[in-house]
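Here is model-v4.txt, consisting of compact mmCIF, C-alpha atoms:
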# COMPACT_ATOMS: atom_id res chain seq x y z
CA MET A 197 28.11 -24.77 23.62
CA MET A 198 30.60 -22.05 22.78
CA THR A 199 29.54 -20.01 19.79
CA ALA A 200 32.03 -19.27 17.06
CA ARG A 201 31.94 -15.56 17.88
CA TYR A 202 32.96 -16.06 21.50
CA ALA A 203 35.48 -18.76 20.66
CA LEU A 204 37.12 -16.29 18.29
CA ALA A 205 36.93 -13.48 20.85
CA ALA A 206 38.57 -15.67 23.49
CA ALA A 207 41.35 -16.73 21.13
CA LEU A 208 42.27 -13.27 19.88
CA PRO A 209 44.58 -10.99 21.83
CA ARG A 210 42.83 -8.13 23.57
CA PRO A 211 42.80 -4.95 21.50
CA ALA A 212 44.82 -2.04 22.80
CA LEU A 213 42.90 0.76 24.39
CA PRO A 214 42.56 3.83 22.22
CA ALA A 215 45.42 6.28 22.19
CA PRO A 216 44.73 9.17 24.53
CA PRO A 217 43.90 12.52 23.00
CA ILE A 218 46.20 15.46 23.50
CA ILE A 219 45.14 17.07 26.76
CA PRO A 220 47.13 20.15 27.67
CA ALA A 221 47.21 20.06 31.44
CA LEU A 222 45.99 18.55 34.67
CA PRO A 223 42.24 18.70 35.08
CA THR A 224 40.85 22.18 35.17
CA GLN A 225 37.36 23.36 34.39
CA ALA A 226 38.50 23.81 30.78
CA THR A 227 40.01 20.32 30.42
CA LEU A 228 37.47 18.31 32.44
CA PRO A 229 35.37 17.40 29.39
CA ALA A 230 38.43 16.00 27.58
CA TRP A 231 39.49 13.91 30.59
CA HIS A 232 35.91 12.72 31.07
CA SER A 233 35.65 11.75 27.40
CA LEU A 234 38.94 9.82 27.59
CA LEU A 235 37.87 7.92 30.70
CA GLU A 236 34.40 7.19 29.31
CA GLU A 237 35.94 5.76 26.14
CA ARG A 238 38.25 3.56 28.19
CA TRP A 239 35.29 2.48 30.34
CA GLN A 240 33.30 1.44 27.25
CA GLN A 241 36.25 -0.54 25.86
CA ARG A 242 36.89 -2.26 29.17
CA LEU A 243 33.21 -3.10 29.61
CA SER A 244 33.16 -4.64 26.14
CA THR A 245 36.27 -6.70 26.90
CA LEU A 246 34.82 -7.89 30.22
CA THR A 247 31.54 -8.86 28.56
CA GLU A 248 33.27 -10.84 25.82
CA LEU A 249 35.51 -12.66 28.29
CA SER A 250 32.63 -13.43 30.64
CA LEU A 251 30.51 -14.84 27.84
CA ALA A 252 33.42 -16.87 26.51
CA TYR A 253 34.03 -18.30 29.99
CA HIS A 254 30.38 -19.21 30.52
CA ASP A 255 30.10 -20.76 27.06
CA ALA A 256 33.23 -22.84 27.70
CA ALA A 257 32.01 -23.88 31.15
CA GLU A 258 28.63 -24.84 29.71
CA SER A 259 30.28 -27.07 27.12
CA CYS A 260 31.89 -29.05 29.98
CA ARG A 261 28.64 -29.77 31.83
CA GLY A 262 27.82 -33.41 32.14
CA HIS A 263 31.36 -34.66 31.54
CA PRO A 264 34.64 -34.09 33.34
CA ALA A 265 36.80 -31.44 31.76
CA GLY A 266 40.21 -32.52 30.56
CA ALA A 267 43.41 -30.81 31.59
CA ALA A 268 43.46 -28.59 28.50
CA GLU A 269 39.85 -27.47 28.98
CA THR A 270 40.41 -26.86 32.70
CA ALA A 271 43.49 -24.74 31.91
CA ARG A 272 41.49 -22.81 29.31
CA LEU A 273 38.67 -22.15 31.78
CA LYS A 274 41.14 -20.95 34.41
CA LYS A 275 42.80 -18.65 31.88
CA LEU A 276 39.47 -17.15 30.81
CA LEU A 277 38.50 -16.66 34.46
CA ARG A 278 41.82 -14.92 35.24
CA GLN A 279 41.39 -12.67 32.18
CA ALA A 280 37.79 -11.82 33.13
CA THR A 281 38.86 -11.05 36.71
CA ALA A 282 41.65 -8.76 35.49
CA ALA A 283 39.23 -7.07 33.09
CA ARG A 284 36.78 -6.45 35.97
CA ARG A 285 39.54 -4.90 38.05
CA ALA A 286 40.55 -2.66 35.14
CA LEU A 287 36.91 -1.60 34.69
CA GLY A 288 36.74 -0.81 38.42
CA ASP A 289 39.92 1.26 38.17
CA THR A 290 38.36 3.31 35.38
CA GLU A 291 35.16 3.74 37.41
CA ASP A 292 37.28 4.93 40.34
CA ALA A 293 39.08 7.42 38.09
CA LEU A 294 35.73 8.77 36.88
CA ALA A 295 34.66 9.17 40.52
CA ARG A 296 37.90 11.03 41.31
CA LEU A 297 37.28 13.28 38.32
CA ALA A 298 33.79 14.04 39.64
CA ASP A 299 34.95 14.75 43.19
CA GLY A 300 37.93 16.87 42.15
CA SER A 301 40.72 14.55 43.30
CA PHE A 302 41.68 13.26 39.83
CA GLY A 303 45.30 14.11 39.08
CA ARG A 304 46.24 14.19 42.77
CA CYS A 305 48.24 11.43 44.44
CA ALA A 306 46.15 9.33 46.84
CA ARG A 307 49.14 9.04 49.18
CA CYS A 308 50.75 12.50 49.33
CA SER A 309 48.13 14.68 47.55
CA GLY A 310 50.81 15.96 45.17
CA SER A 311 50.17 16.42 41.48
CA ILE A 312 50.48 13.44 39.17
CA PRO A 313 52.38 14.51 36.05
CA THR A 314 50.16 14.96 33.00
CA ALA A 315 52.36 12.59 30.99
CA GLU A 316 51.68 9.87 33.58
CA LEU A 317 47.95 10.54 33.48
CA LEU A 318 47.96 10.41 29.69
CA ALA A 319 49.80 7.08 29.75
CA GLU A 320 47.53 5.61 32.45
CA PRO A 321 44.57 7.86 33.37
CA GLU A 322 43.50 5.47 36.13
CA THR A 323 46.72 5.95 38.10
CA ARG A 324 46.27 6.99 41.73
CA TYR A 325 49.84 7.76 42.71
CA CYS A 326 52.57 10.19 41.70
CA THR A 327 55.88 8.88 40.43
CA ASP A 328 57.63 9.64 43.74
CA CYS A 329 55.13 7.58 45.76
CA ILE A 330 55.30 4.74 43.26
CA ALA A 331 59.10 4.74 43.57
CA ILE A 332 58.86 4.72 47.38
CA SER A 333 56.49 1.72 47.20
CA TRP A 334 58.87 -0.19 44.93
CA VAL A 335 61.81 0.50 47.23
CA ALA A 336 59.77 -0.69 50.23
CA LEU A 337 58.76 -3.88 48.40
CA ALA A 338 62.34 -4.57 47.36
CA GLY A 339 63.26 -4.36 51.01
Written form, structure tokens:
Amino acid sequence: MMTARYALAAALPRPALPAPPIIPALPTQATLPAWHSLLEERWQQRLSTLTELSLAYHDAAESCRGHPAGAAETARLKKLLRQATAARRALGDTEDALARLADGSFGRCARCSGSIPTAELLAEPETRYCTDCIAISWVALAG
């Protein structure tokens, strides 16, 4: 049976991640703690979101045991599963960014090794690619 807490959590929109702090430059020895703190905070938030969605999914699935789920319940279960899957991917992206920070490749494009602009990292610290490589990928996809 789905508890009221998880029913409410599943029904509410996901809270926005905290606004990034002001970090003056690409990672250096002086700014590493600030970047690490930002990524750790995002990791905690994403873990919390994933946990809530997973529990809501399992509670909803448990309430269907023993009787066939209707179309509305099936759609709700699929939606919760998609949200939990996306939340797990986002958590993995943050874990990958923390690993890049530890190995010294954070702030460098995974494709060309160029610098990722600080503004881009502040907007999405988990990004792996510079704006030029992202643009090239979009052009290639557009064909």
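Every protein, DNA or RNA residue with an atom at most 9 Å from segment 298-302 of chain A, where all atoms listed in the file count and chain neighbours fewer than 5 positions away do not, is listed here: A:Leu222, A:Pro223, A:His232, A:Ala293, A:Ser309, A:Ile312, A:Pro321, A:Glu322, A:Arg324.
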Emit the selected residues as a PDB file, in the frame of the given file, including C-alpha atoms.
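Result saved to again00.pdb:
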ATOM      1  CA  LEU A 222      45.990  18.550  34.670  1.00  0.00           C
ATOM      2  CA  PRO A 223      42.240  18.700  35.080  1.00  0.00           C
ATOM      3  CA  HIS A 232      35.910  12.720  31.070  1.00  0.00           C
ATOM      4  CA  ALA A 293      39.080   7.420  38.090  1.00  0.00           C
ATOM      5  CA  SER A 309      48.130  14.680  47.550  1.00  0.00           C
ATOM      6  CA  ILE A 312      50.480  13.440  39.170  1.00  0.00           C
ATOM      7  CA  PRO A 321      44.570   7.860  33.370  1.00  0.00           C
ATOM      8  CA  GLU A 322      43.500   5.470  36.130  1.00  0.00           C
ATOM      9  CA  ARG A 324      46.270   6.990  41.730  1.00  0.00           C
TER      10      ARG A 324
END
field: One-decimal distance in Å that lies between atom CA of Leu276 of chain A and atom CA of His254 of chain A
entry: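 If I compute the distance from atom CA of His254 of chain A to atom CA of Leu276 of chain A, I get 9.3 Å.
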message: So the first atom is atom CA of Gly310 of chain A and the second is atom CA of Cys326 of chain A; what is the distance between them in Å, to one decimal place?
response: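 Interatomic distance here is 7.0 Å.
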- prompt: Could you state the separation of atom CA of Ala256 of chain A and atom CA of Trp239 of chain A in Å, given to one decimal place?
  reply: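 Between atom CA of Ala256 of chain A and atom CA of Trp239 of chain A the gap is 25.5 Å.
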Sorted by chain and rising residue number, which residues of segment 260-288 of chain A lie within 8 Å of segment 241-247 of chain A, and what are their closest atom pairs and distances in Å to one decimal, counting all atoms listed in the file, as a tab-separated table?
residue	atom	partner	partner_atom	distance
A:Ala280	CA	A:Leu246	CA	5.7
A:Ala283	CA	A:Leu246	CA	5.3
A:Arg284	CA	A:Leu246	CA	6.2
A:Ala286	CA	A:Arg242	CA	7.0
A:Leu287	CA	A:Arg242	CA	5.6
For those residues, write C-alpha atoms to a file as a CSV table (one decimal), keeping the file's coordinate frame.
chain,number,residue,atom,x,y,z
A,280,ALA,CA,37.8,-11.8,33.1
A,283,ALA,CA,39.2,-7.1,33.1
A,284,ARG,CA,36.8,-6.4,36.0
A,286,ALA,CA,40.6,-2.7,35.1
A,287,LEU,CA,36.9,-1.6,34.7
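The closest residue to Leu294 of chain A, picked from A:Arg238, A:Arg278, A:Arg261, A:Arg307 and counting only C-alpha atoms, is A:Arg238.
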task: Could you tell me which of A:Cys329, A:Ala338, A:Ala268, A:Leu273 comes closest to Ser311 of chain A if we count all atoms listed in the file?
output: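 Distance minimum relative to Ser311 of chain A lands on A:Cys329.
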Among the residues A:Ser233, A:His263, A:Asp289, A:Leu249, the one that comes closest to Lys275 of chain A [using only C-alpha atoms]: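 Of the candidates, the smallest distance to Lys275 of chain A is held by A:Leu249.
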Nearest candidate to Pro313 of chain A (options A:Tyr325, A:Glu236, A:Leu337, A:Tyr253; using all atoms listed in the file): A:Tyr325
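Compared by their closest atoms to Asp255 of chain A, and using only C-alpha atoms, the residues A:Ala319, A:Leu228, A:Leu234, A:Leu277 rank with A:Leu277 nearest.
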message: Calculated over all atoms listed in the file, which of the candidates A:Thr314, A:Ser259, A:Thr290, A:Thr323 has the smallest distance to Gln240 of chain A?
response: A:Thr290
